[in-house]
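Everything below belongs to my_file.txt, which stores compact mmCIF, C-alpha atoms and all ligand atoms.
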# COMPACT_ATOMS: atom_id res chain seq x y z
CA MET Q 1 -6.87 3.42 -22.84
CA THR Q 2 -3.57 3.48 -24.68
CA ASN Q 3 -0.92 5.39 -22.72
CA PRO Q 4 -1.84 5.95 -19.07
CA ASN Q 5 0.69 8.79 -18.77
CA HIS Q 6 -1.28 10.84 -21.25
CA THR Q 7 -4.74 10.26 -19.87
CA THR Q 8 -6.60 12.01 -17.08
CA VAL Q 9 -9.11 10.26 -14.84
CA LEU Q 10 -11.73 12.29 -12.98
CA ILE Q 11 -13.18 10.49 -9.96
CA THR Q 12 -16.20 11.81 -8.09
CA GLY Q 13 -16.58 10.86 -4.43
CA ALA Q 14 -12.81 10.36 -4.17
CA SER Q 15 -12.56 11.28 -0.49
CA SER Q 16 -13.48 7.79 0.79
CA GLY Q 17 -14.61 4.26 -0.06
CA PHE Q 18 -14.63 3.16 -3.70
CA GLY Q 19 -13.61 6.62 -4.95
CA GLU Q 20 -10.44 6.62 -2.86
CA GLU Q 21 -9.63 3.11 -4.11
CA PHE Q 22 -10.26 4.11 -7.76
CA ALA Q 23 -7.77 6.94 -7.22
CA ARG Q 24 -5.20 4.53 -5.79
CA GLN Q 25 -5.57 1.97 -8.58
CA TYR Q 26 -5.46 4.54 -11.39
CA ALA Q 27 -2.46 6.29 -9.77
CA GLN Q 28 -0.69 2.94 -9.61
CA ARG Q 29 -1.18 2.69 -13.39
CA GLY Q 30 0.36 6.13 -13.88
CA HIS Q 31 -2.73 8.16 -14.81
CA ARG Q 32 -3.15 11.85 -14.02
CA LEU Q 33 -6.05 12.36 -11.60
CA VAL Q 34 -8.74 14.89 -10.76
CA LEU Q 35 -10.25 14.13 -7.35
CA VAL Q 36 -13.73 15.50 -6.62
CA ALA Q 37 -15.74 15.46 -3.36
CA ARG Q 38 -16.77 17.90 -0.64
CA ARG Q 39 -14.12 17.12 2.05
CA LYS Q 40 -11.10 19.07 0.84
CA ASP Q 41 -8.80 17.93 3.67
CA ARG Q 42 -9.29 14.26 2.82
CA LEU Q 43 -8.78 14.90 -0.89
CA GLU Q 44 -5.60 16.91 -0.22
CA SER Q 45 -4.09 14.24 1.97
CA LEU Q 46 -4.96 11.45 -0.52
CA ALA Q 47 -3.49 13.55 -3.36
CA GLU Q 48 -0.25 14.08 -1.44
CA THR Q 49 0.08 10.36 -0.67
CA LEU Q 50 -0.52 9.40 -4.32
CA ARG Q 51 1.94 12.01 -5.65
CA GLN Q 52 4.64 10.71 -3.33
CA GLN Q 53 3.93 7.02 -3.87
CA TYR Q 54 3.34 6.98 -7.62
CA ASN Q 55 4.81 10.24 -8.89
CA VAL Q 56 1.56 11.21 -10.61
CA ASN Q 57 -0.08 14.56 -11.24
CA VAL Q 58 -3.16 14.96 -8.99
CA LEU Q 59 -5.60 17.89 -8.98
CA VAL Q 60 -7.98 18.40 -6.07
CA GLU Q 61 -11.42 19.85 -6.76
CA PRO Q 62 -13.58 20.32 -3.65
CA VAL Q 63 -17.10 20.41 -5.09
CA ASP Q 64 -20.58 19.79 -3.72
CA LEU Q 65 -22.08 17.91 -6.66
CA SER Q 66 -25.62 18.24 -5.37
CA ASP Q 67 -25.47 21.80 -6.71
CA LEU Q 68 -25.83 21.36 -10.48
CA ALA Q 69 -24.22 24.72 -11.23
CA ALA Q 70 -21.13 23.34 -9.49
CA VAL Q 71 -20.88 20.66 -12.19
CA THR Q 72 -20.70 23.20 -15.03
CA ASP Q 73 -18.35 25.40 -12.95
CA LEU Q 74 -16.06 22.41 -12.44
CA HIS Q 75 -16.05 21.69 -16.17
CA ALA Q 76 -15.33 25.37 -16.95
CA ARG Q 77 -12.44 25.48 -14.44
CA LEU Q 78 -10.84 22.35 -15.86
CA THR Q 79 -11.26 23.55 -19.45
CA LYS Q 80 -9.62 26.86 -18.54
CA ARG Q 81 -6.65 24.98 -17.09
CA GLY Q 82 -6.40 22.84 -20.23
CA VAL Q 83 -7.38 19.64 -18.42
CA GLU Q 84 -9.08 17.12 -20.72
CA VAL Q 85 -10.91 14.32 -18.93
CA ASP Q 86 -10.37 10.98 -20.71
CA VAL Q 87 -11.90 8.73 -18.07
CA LEU Q 88 -14.87 9.75 -15.91
CA ILE Q 89 -15.69 7.68 -12.83
CA ASN Q 90 -19.18 8.71 -11.71
CA ASN Q 91 -18.95 7.30 -8.22
CA ALA Q 92 -20.22 9.94 -5.73
CA GLY Q 93 -23.46 8.89 -4.14
CA HIS Q 94 -25.11 8.17 -0.89
CA GLY Q 95 -27.77 5.82 0.34
CA LEU Q 96 -30.92 6.26 2.36
CA HIS Q 97 -32.27 3.55 4.60
CA GLY Q 98 -35.60 3.33 6.42
CA PRO Q 99 -39.33 3.33 5.75
CA PHE Q 100 -40.07 5.77 2.93
CA LEU Q 101 -42.66 7.77 4.88
CA ASP Q 102 -40.51 8.01 8.02
CA ASN Q 103 -37.57 9.64 6.24
CA PRO Q 104 -37.84 13.38 5.58
CA LEU Q 105 -38.80 14.15 1.98
CA ASP Q 106 -35.75 16.41 1.74
CA ALA Q 107 -33.44 13.45 2.41
CA ALA Q 108 -34.99 11.49 -0.46
CA LEU Q 109 -34.88 14.44 -2.83
CA SER Q 110 -31.29 15.35 -2.04
CA MET Q 111 -30.27 11.75 -2.63
CA ILE Q 112 -32.00 11.82 -6.02
CA GLN Q 113 -30.22 15.07 -6.76
CA LEU Q 114 -26.79 13.54 -6.14
CA ASP Q 115 -27.28 9.94 -7.30
CA ILE Q 116 -29.30 10.79 -10.42
CA ALA Q 117 -29.21 14.47 -11.40
CA SER Q 118 -25.53 15.20 -10.80
CA LEU Q 119 -24.43 11.90 -12.39
CA THR Q 120 -26.53 12.78 -15.44
CA ALA Q 121 -25.06 16.29 -15.58
CA MET Q 122 -21.46 15.04 -15.25
CA THR Q 123 -22.08 12.54 -18.08
CA HIS Q 124 -23.61 15.23 -20.30
CA VAL Q 125 -20.94 17.84 -19.72
CA PHE Q 126 -17.85 15.60 -19.95
CA GLY Q 127 -19.47 13.28 -22.53
CA GLN Q 128 -19.69 16.23 -24.97
CA ASP Q 129 -15.91 16.68 -24.86
CA MET Q 130 -15.33 12.94 -25.31
CA ARG Q 131 -17.62 12.89 -28.32
CA LYS Q 132 -15.69 15.77 -29.89
CA ARG Q 133 -12.37 14.00 -29.29
CA LYS Q 134 -13.84 10.65 -30.44
CA ARG Q 135 -12.47 8.85 -27.42
CA GLY Q 136 -13.25 8.40 -23.74
CA GLN Q 137 -14.45 6.10 -21.02
CA ILE Q 138 -17.24 6.58 -18.47
CA LEU Q 139 -17.87 4.25 -15.55
CA GLN Q 140 -21.22 4.67 -13.78
CA ILE Q 141 -21.49 3.25 -10.26
CA ALA Q 142 -24.90 1.67 -9.64
CA SER Q 143 -25.57 -1.21 -7.21
CA ILE Q 144 -27.02 -4.71 -7.25
CA LEU Q 145 -30.08 -3.02 -5.72
CA ALA Q 146 -30.60 -1.63 -9.24
CA TYR Q 147 -31.99 -5.07 -10.11
CA GLN Q 148 -34.87 -4.98 -7.62
CA GLY Q 149 -36.83 -2.68 -5.30
CA VAL Q 150 -35.90 -3.52 -1.71
CA GLU Q 151 -38.05 -2.68 1.30
CA GLN Q 152 -36.61 0.32 3.20
CA PHE Q 153 -34.40 1.21 0.23
CA ALA Q 154 -37.20 2.34 -2.08
CA VAL Q 155 -35.66 5.58 -3.33
CA TYR Q 156 -32.10 4.25 -3.37
CA SER Q 157 -33.01 1.10 -5.37
CA ALA Q 158 -34.99 3.22 -7.81
CA ALA Q 159 -32.13 5.72 -8.17
CA LYS Q 160 -29.64 2.93 -8.90
CA ALA Q 161 -32.06 1.34 -11.40
CA TYR Q 162 -31.95 4.70 -13.21
CA VAL Q 163 -28.13 4.63 -13.23
CA LEU Q 164 -28.06 1.09 -14.64
CA ARG Q 165 -30.64 1.75 -17.38
CA PHE Q 166 -29.07 5.12 -18.22
CA GLY Q 167 -25.70 3.39 -18.61
CA ASP Q 168 -27.18 0.56 -20.70
CA ALA Q 169 -28.69 3.03 -23.15
CA LEU Q 170 -25.62 5.24 -23.39
CA HIS Q 171 -23.38 2.22 -23.91
CA ARG Q 172 -24.85 1.80 -27.41
CA GLU Q 173 -25.42 5.49 -28.04
CA PHE Q 174 -21.83 6.56 -27.26
CA LYS Q 175 -20.18 3.59 -28.96
CA ARG Q 176 -20.54 5.33 -32.33
CA ASP Q 177 -18.20 8.04 -31.08
CA ASN Q 178 -15.68 5.61 -29.62
CA VAL Q 179 -16.73 6.43 -26.04
CA THR Q 180 -17.23 3.47 -23.72
CA VAL Q 181 -19.94 3.59 -21.05
CA THR Q 182 -19.89 0.77 -18.51
CA THR Q 183 -21.94 0.35 -15.33
CA LEU Q 184 -20.48 -1.24 -12.23
CA CYS Q 185 -22.93 -2.86 -9.80
CA PRO Q 186 -21.31 -3.51 -6.42
CA GLY Q 187 -23.06 -5.35 -3.63
CA LEU Q 188 -22.55 -4.59 0.05
CA SER Q 189 -18.99 -3.38 0.51
CA ASP Q 190 -16.86 -2.16 3.35
CA THR Q 191 -16.87 1.63 2.82
CA GLY Q 192 -18.26 4.66 4.67
CA PHE Q 193 -21.50 4.15 2.78
CA ILE Q 194 -23.41 2.06 5.32
CA SER Q 195 -22.79 4.44 8.21
CA ALA Q 196 -23.62 7.42 5.96
CA ALA Q 197 -26.97 5.74 5.18
CA GLU Q 198 -27.49 5.38 8.96
CA GLN Q 199 -27.65 1.63 8.74
CA ARG Q 200 -26.38 -0.95 11.24
CA VAL Q 201 -24.01 -3.66 9.99
CA THR Q 202 -25.55 -7.02 10.93
CA PRO Q 203 -23.81 -10.45 10.94
CA GLN Q 204 -25.78 -11.38 7.78
CA MET Q 205 -24.42 -8.28 6.08
CA GLN Q 206 -20.86 -9.05 7.23
CA MET Q 207 -21.10 -12.43 5.51
CA VAL Q 208 -21.68 -10.97 2.05
CA MET Q 209 -19.64 -7.80 2.41
CA MET Q 210 -16.77 -7.22 -0.06
CA GLN Q 211 -13.60 -5.17 0.37
CA THR Q 212 -13.11 -2.22 -1.98
CA PRO Q 213 -10.02 -3.31 -4.05
CA PRO Q 214 -11.64 -6.27 -5.89
CA VAL Q 215 -14.80 -4.25 -6.59
CA VAL Q 216 -12.80 -1.41 -8.10
CA ARG Q 217 -10.59 -3.80 -10.08
CA ALA Q 218 -13.72 -5.44 -11.54
CA GLY Q 219 -15.02 -2.01 -12.61
CA ILE Q 220 -11.78 -0.92 -14.28
CA ARG Q 221 -11.37 -4.28 -16.01
CA ALA Q 222 -14.93 -4.17 -17.40
CA LEU Q 223 -14.48 -0.57 -18.56
CA ASP Q 224 -11.20 -1.38 -20.33
CA ALA Q 225 -12.84 -4.43 -21.93
CA GLY Q 226 -15.70 -2.24 -23.23
CA ARG Q 227 -18.39 -4.18 -21.39
CA ILE Q 228 -21.89 -2.81 -20.93
CA SER Q 229 -22.03 -3.61 -17.20
CA VAL Q 230 -20.50 -5.79 -14.51
CA VAL Q 231 -21.65 -7.15 -11.16
CA ALA Q 232 -18.71 -7.28 -8.74
CA GLY Q 233 -17.92 -10.57 -7.00
CA LEU Q 234 -19.18 -14.12 -7.30
CA SER Q 235 -21.73 -13.94 -4.48
CA ASN Q 236 -23.26 -10.79 -6.00
CA LYS Q 237 -23.35 -12.45 -9.42
CA LEU Q 238 -25.17 -15.39 -7.85
CA THR Q 239 -27.55 -12.95 -6.15
CA THR Q 240 -28.49 -11.33 -9.45
CA PHE Q 241 -28.94 -14.77 -11.00
CA PHE Q 242 -31.20 -15.69 -8.06
CA MET Q 243 -33.24 -12.50 -8.68
CA TRP Q 244 -33.60 -13.40 -12.34
CA ALA Q 245 -34.54 -17.03 -11.63
CA THR Q 246 -37.07 -16.58 -8.81
CA PRO Q 247 -40.42 -14.82 -8.45
CA ARG Q 248 -40.22 -11.29 -7.10
CA ARG Q 249 -41.98 -12.06 -3.82
CA ILE Q 250 -39.28 -14.63 -3.00
CA HIS Q 251 -36.18 -12.68 -3.79
CA GLN Q 252 -37.63 -9.51 -2.31
CA ALA Q 253 -38.26 -11.32 0.98
CA VAL Q 254 -34.71 -12.74 1.03
CA MET Q 255 -33.00 -9.42 0.23
CA SER Q 256 -35.16 -7.59 2.71
CA ARG Q 257 -34.20 -10.08 5.41
CA ILE Q 258 -30.47 -9.71 4.70
CA LEU Q 259 -30.48 -5.93 4.42
CA ASN Q 260 -33.00 -5.08 7.12
CA ALA Q 261 -32.10 -7.67 9.75
CA GLY Q 262 -31.54 -6.30 13.27
N1 LIG Y 301 -20.59 0.48 -0.15
C1 LIG Y 301 -21.58 -0.21 -0.63
O1 LIG Y 301 -22.05 -1.18 0.00
C2 LIG Y 301 -22.14 0.14 -1.99
C3 LIG Y 301 -22.88 -0.83 -2.68
C4 LIG Y 301 -23.39 -0.54 -3.93
C5 LIG Y 301 -23.15 0.71 -4.50
N2 LIG Y 301 -22.43 1.66 -3.81
C6 LIG Y 301 -22.22 2.96 -4.47
O2 LIG Y 301 -20.83 3.26 -4.49
C7 LIG Y 301 -20.66 4.67 -4.59
C8 LIG Y 301 -19.58 5.13 -3.62
O3 LIG Y 301 -20.01 4.89 -2.31
P1 LIG Y 301 -19.05 4.31 -1.19
O4 LIG Y 301 -19.59 2.97 -0.83
O5 LIG Y 301 -17.64 4.44 -1.57
O6 LIG Y 301 -19.45 5.27 0.03
P2 LIG Y 301 -18.67 6.44 0.79
O7 LIG Y 301 -17.41 5.90 1.38
O8 LIG Y 301 -19.68 7.03 1.71
O9 LIG Y 301 -18.29 7.46 -0.36
C9 LIG Y 301 -19.20 8.36 -0.94
C10 LIG Y 301 -18.40 9.45 -1.63
O10 LIG Y 301 -19.32 10.36 -2.24
C11 LIG Y 301 -18.94 11.67 -1.88
N3 LIG Y 301 -20.09 12.57 -1.85
C12 LIG Y 301 -21.22 12.43 -1.10
N4 LIG Y 301 -22.03 13.48 -1.30
C13 LIG Y 301 -21.39 14.29 -2.18
C14 LIG Y 301 -21.70 15.55 -2.77
N5 LIG Y 301 -22.86 16.19 -2.49
N6 LIG Y 301 -20.82 16.11 -3.62
C15 LIG Y 301 -19.65 15.48 -3.92
N7 LIG Y 301 -19.30 14.30 -3.40
C16 LIG Y 301 -20.15 13.72 -2.53
C17 LIG Y 301 -18.31 11.54 -0.50
O11 LIG Y 301 -17.39 12.58 -0.25
P3 LIG Y 301 -17.66 13.89 0.65
O12 LIG Y 301 -18.48 13.49 1.82
O13 LIG Y 301 -16.27 14.34 0.98
O14 LIG Y 301 -18.35 14.84 -0.28
C18 LIG Y 301 -17.55 10.24 -0.65
O15 LIG Y 301 -16.28 10.48 -1.22
C19 LIG Y 301 -22.03 5.28 -4.35
O16 LIG Y 301 -22.57 5.69 -5.58
C20 LIG Y 301 -22.85 4.14 -3.76
O17 LIG Y 301 -24.21 4.25 -4.04
C21 LIG Y 301 -21.94 1.40 -2.57

Do you think you could lay out the structure here as structure tokens?
Amino acid sequence: MTNPNHTTVLITGASSGFGEEFARQYAQRGHRLVLVARRKDRLESLAETLRQQYNVNVLVEPVDLSDLAAVTDLHARLTKRGVEVDVLINNAGHGLHGPFLDNPLDAALSMIQLDIASLTAMTHVFGQDMRKRKRGQILQIASILAYQGVEQFAVYSAAKAYVLRFGDALHREFKRDNVTVTTLCPGLSDTGFISAAEQRVTPQMQMVMMQTPPVVRAGIRALDAGRISVVAGLSNKLTTFFMWATPRRIHQAVMSRILNAG
């Protein structure tokens, strides 16, 4: 985007992990921010830190995105305040680990609601404004699990495959209106995500785990470059190459061993 001081970045899931890091990196570049998540106290304290450190304007919007009406309410509130969102980071999401039939159906459906339905609604609602203004950027956060179905991550892998394909299609569709859509696919990273998915961190997982700053930098760089998608980190790039180059039964067995060990 041209002048950071005149652009507003809305980040969903800004109260921890990648979202918090997106907020930090965009604040460092002087952008105005809108931080969205459920935990208001965490958002308020992050906002205060960023205002003091980077002298940026930060709005806090405590919203439960699993309620779709909350998405349109958020948009209406921002419009009323005259806030135009130039960059949308669709990051909020949570995982679900375990045998499909052993997890409650509600857990799977509420994950779909957040990871798919609310991301779609945010893109629709804020994408309309970007189309009217003939400019904007949207970063969708998928996962390298979007590239294959992994045992004990059936619904999560499928949800992230949706995010990746949705982003791929919109990349071309929105280009006509000068709106960039890019999808970031992180691999295992050191955020609150793994504990939220009730998963244990094994030594195999530690070996491939990335820290949040390089993942977020890769996402912002790809978005600014107008790329269709990016896989964060060399080992994750090699993993996706391995998935492409080997039969499914082989790469599924390897991924399952890494992610379900212990
Ligand atoms: N970490 C990884 O290994 C990894 C790998 C690949 C992809 N990802 C993806 O990266 C994204 C961010 O996850 P993370 O790793 O940063 O995990 P995280 O630290 O658990 O962050 C998830 C964020 O989503 C927010 N959130 C959850 N439910 C919400 C709801 N109903 N409404 C609004 N906000 C909600 C959480 O805030 P509140 O609880 O305050 O609402 C939190 O800020 C997710 O889409 C995830 O699938 C993560």

Practice prompt. Residues up to 8 Å from ligand LIG 301 (chain Y), counting only C-alpha atoms and all ligand atoms: could you list those as a count of residues only?
Written response: 50

Discussion item. Excluding segment 78-87 of chain Q and its own-chain neighbours fewer than 5 positions away, which residues fall within 7 Å of it when counting all atoms listed in the file? Please give them as JSON, numbers by chain.
Written reply: {"Q": [7, 8, 9, 10, 136, 137, 138]}

Discussion item. List as a PyMOL selection string the residues having at least one atom at most 12 Å from position (-28.8, -16.7, -7.8) as given in the file, counting all atoms listed in the file.
Written reply: chain Q and resi 234-247+250-251+254-255

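From atom CA of Arg165 of chain Q back to atom CA of Leu119 of chain Q, the distance works out to 12.9 Å.
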
Response to the item:
Here atom CA of Val71 of chain Q and atom CA of Thr123 of chain Q stand apart by 10.1 Å

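When the distance limit is 12 Å and only C-alpha atoms are what count, the residues near Arg176 of chain Q, minus those fewer than 2 positions from it on the same chain, are Met130, Arg131, Lys132, Lys134, Arg135, Gly136, Leu170, His171, Arg172, Glu173, Phe174, Asn178, Val179, Thr180 and Val181 of chain Q.
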
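Rounded to one decimal, atom CA of Leu46 of chain Q and atom CA of Gln28 of chain Q lie 13.2 Å from each other.
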
Item to complete: List the neighbours of segment 47-54 of chain Q out to 12 Å using all atoms listed in the file; skip same-chain residues closer than 4 positions along the sequence, and give me the result as an MDAnalysis selection string.
Response: chainID Q and resid 5 14:15 20:36 40:43 58:61

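With distances taken over all atoms listed in the file, Q:Leu139 is the one residue among Q:Ala159, Q:Leu68, Q:Val125, Q:Leu139 lying closest to Asp224 of chain Q.
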
Give the centre and edge lengths of an axis-aligned box, in Å to one decimal, that holds all listed atoms of segment 3-19 of chain Q with 4 Å on each side, as JSON.
{"center_x": -7.9, "center_y": 7.7, "center_z": -11.0, "size_x": 25.3, "size_y": 17.1, "size_z": 31.5}
